[in-house]
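S.K.: Questions regarding the structure given below will be posed in turn.
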Amino acid sequence: MDNLIIDLFNKKIIKFDTSISTNFNILISYPYIINNIVKFIYDKIKLTEYTNIIGFSNSAHIASILSYNHNIPLLMLNKNNLINGEFHDDNSIIIINDVIDTGNHLLKYITLLESNKLNIKCIINIYDTNNSNIIDISKYNINSMFTSNYITNLLISKNILNENNFTINKMYLRIKNIGKLKKSKI
């Protein structure tokens, strides 16, 4: 997992500007990264009972590859937000999602699926910005591959990021100070 995050950083799919940002649009140019993500997702869901998977926006191609590689029935949304693929009322769906920021987009898709009488079994999310508490999506079983905090800590621990390269200076100092606080309480 750590090497995957470093690859995403090196390919500028995950970037540090004024905060952490992502550009999952360019992910399709790196099949080996997509294959690693697909492998991680399959390992997470292989023991779960479900009938279909679906991905939205930048995660639709990941869901497609997962479907083809592991013979999993796929659903897709067309440009009119209609569901393509065979499904029945009460099918159990696993959502493949790229980024949870506020949760607004994800909630819109969840509402669409549930209005078609589909049950959300779980949501496999690639990146969580740690802001998803803005919209209440906590009733759904969400498994995120990594979070902003994990990425920042990893890149600092590997000396890829430090207090000199940035924009993350405030975040770096905050994490560094949190570490000092924890040590002083022990």
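Just remember, in the structure tokens the first chain shown is A, the second B, etc., residues are 1-based per chain, and ligands are 1-based in the order shown.
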Show which residues sit within 8 Å of A:Ser64, as a ChimeraX atom specification. Count only C-alpha atoms, and ignore same-chain residues fewer than 3 positions away.
M.R.: /A:55,60-61,67-68,74
S.K.: Output C-alpha atoms of each residue in that selection to a file, as a CSV table (one decimal), in the first residue's frame.
M.R.:
chain,number,residue,atom,x,y,z
A,55,GLY,CA,-18.2,2.8,-10.2
A,60,ALA,CA,-15.9,3.5,-13.5
A,61,HIS,CA,-12.9,2.2,-15.4
A,67,SER,CA,-15.5,-6.8,-13.3
A,68,TYR,CA,-13.7,-8.2,-16.3
A,74,LEU,CA,-21.1,-4.7,-13.6
S.K.: Need the shell around A:Ile83: protein/DNA/RNA residues with any atom at most 12 Å away, counting only C-alpha atoms. Skip same-chain ones fewer than 6 positions apart. Format as JSON, numbers by chain?
M.R.: {"A": [52, 53, 54, 55, 56, 74, 75, 76, 77, 109, 112, 113, 114, 115, 116, 117, 118]}
S.K.: Could you save the residues just selected, with N, CA and C atoms, as an mmCIF file, in the first residue's frame?
M.R.:
data_model
loop_
_atom_site.group_PDB
_atom_site.id
_atom_site.type_symbol
_atom_site.label_atom_id
_atom_site.label_comp_id
_atom_site.auth_asym_id
_atom_site.auth_seq_id
_atom_site.Cartn_x
_atom_site.Cartn_y
_atom_site.Cartn_z
ATOM 1 N N ASN A 52 -23.633 -7.172 -7.745
ATOM 2 C CA ASN A 52 -23.060 -6.312 -8.773
ATOM 3 C C ASN A 52 -22.072 -5.321 -8.152
ATOM 4 N N ILE A 53 -21.230 -4.750 -9.019
ATOM 5 C CA ILE A 53 -20.405 -3.614 -8.629
ATOM 6 C C ILE A 53 -20.730 -2.464 -9.568
ATOM 7 N N ILE A 54 -20.450 -1.257 -9.105
ATOM 8 C CA ILE A 54 -20.642 -0.073 -9.929
ATOM 9 C C ILE A 54 -19.591 0.952 -9.523
ATOM 10 N N GLY A 55 -19.094 1.677 -10.495
ATOM 11 C CA GLY A 55 -18.163 2.767 -10.229
ATOM 12 C C GLY A 55 -18.664 4.022 -10.909
ATOM 13 N N PHE A 56 -18.342 5.161 -10.336
ATOM 14 C CA PHE A 56 -18.799 6.434 -10.881
ATOM 15 C C PHE A 56 -17.604 7.279 -11.317
ATOM 16 N N LEU A 74 -21.327 -6.122 -13.703
ATOM 17 C CA LEU A 74 -21.075 -4.689 -13.608
ATOM 18 C C LEU A 74 -22.326 -3.894 -13.951
ATOM 19 N N LEU A 75 -22.551 -2.828 -13.224
ATOM 20 C CA LEU A 75 -23.559 -1.837 -13.583
ATOM 21 C C LEU A 75 -22.826 -0.533 -13.872
ATOM 22 N N MET A 76 -23.396 0.260 -14.773
ATOM 23 C CA MET A 76 -22.801 1.565 -15.076
ATOM 24 C C MET A 76 -23.901 2.599 -15.213
ATOM 25 N N LEU A 77 -23.546 3.851 -14.938
ATOM 26 C CA LEU A 77 -24.468 4.949 -15.172
ATOM 27 C C LEU A 77 -24.163 5.542 -16.539
ATOM 28 N N TYR A 109 -25.210 9.611 -5.793
ATOM 29 C CA TYR A 109 -25.218 8.303 -6.454
ATOM 30 C C TYR A 109 -25.911 7.246 -5.594
ATOM 31 N N LEU A 112 -29.581 7.657 -5.969
ATOM 32 C CA LEU A 112 -30.011 7.128 -7.263
ATOM 33 C C LEU A 112 -30.118 5.604 -7.223
ATOM 34 N N LEU A 113 -29.125 4.942 -6.664
ATOM 35 C CA LEU A 113 -29.153 3.475 -6.579
ATOM 36 C C LEU A 113 -30.296 3.006 -5.691
ATOM 37 N N GLU A 114 -30.454 3.647 -4.556
ATOM 38 C CA GLU A 114 -31.521 3.240 -3.635
ATOM 39 C C GLU A 114 -32.907 3.530 -4.214
ATOM 40 N N SER A 115 -33.042 4.572 -5.019
ATOM 41 C CA SER A 115 -34.337 4.847 -5.656
ATOM 42 C C SER A 115 -34.692 3.769 -6.682
ATOM 43 N N ASN A 116 -33.683 3.014 -7.139
ATOM 44 C CA ASN A 116 -33.896 1.880 -8.032
ATOM 45 C C ASN A 116 -33.969 0.565 -7.255
ATOM 46 N N LYS A 117 -34.176 0.681 -5.936
ATOM 47 C CA LYS A 117 -34.347 -0.467 -5.035
ATOM 48 C C LYS A 117 -33.118 -1.374 -4.965
ATOM 49 N N LEU A 118 -31.933 -0.767 -5.096
ATOM 50 C CA LEU A 118 -30.686 -1.507 -4.961
ATOM 51 C C LEU A 118 -30.137 -1.270 -3.554
#
S.K.: If you measure from atom CA of A:Leu161 to atom CA of A:Ile13, what distance in Å do you get, rounded to one decimal?
M.R.: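 Interatomic distance, atom CA of A:Leu161 to atom CA of A:Ile13: 15.6 Å.
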S.K.: Could you find all residues in stretch 104-158 of chain A that DSSP calls strand (DSSP E or B) from the backbone, and write them as number ranges by chain?
M.R.: A: 119-128, 142-147
S.K.: If DSSP is run on the backbone, what residues of chain A are helix (DSSP H, G or I)? A reply as a PyMOL selection string would be ideal.
M.R.: chain A and resi 2-10+24-29+31-45+57-70+104-115+132-134+148-157+169-185
S.K.: When distances are computed from only C-alpha atoms, which of A:Asn69, A:Thr51, A:Asn58, A:Thr147 shows the smallest separation from A:His88?
M.R.: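 Among A:Asn69, A:Thr51, A:Asn58, A:Thr147, it is A:Thr51 that comes nearest to A:His88.
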S.K.: Tell me which of A:Asp98, A:Asp2, A:Glu49, A:Glu86 sits closest to A:Phe24, counting only C-alpha atoms.
M.R.: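 Between A:Asp98, A:Asp2, A:Glu49, A:Glu86, the residue approaching A:Phe24 most closely is A:Asp98.
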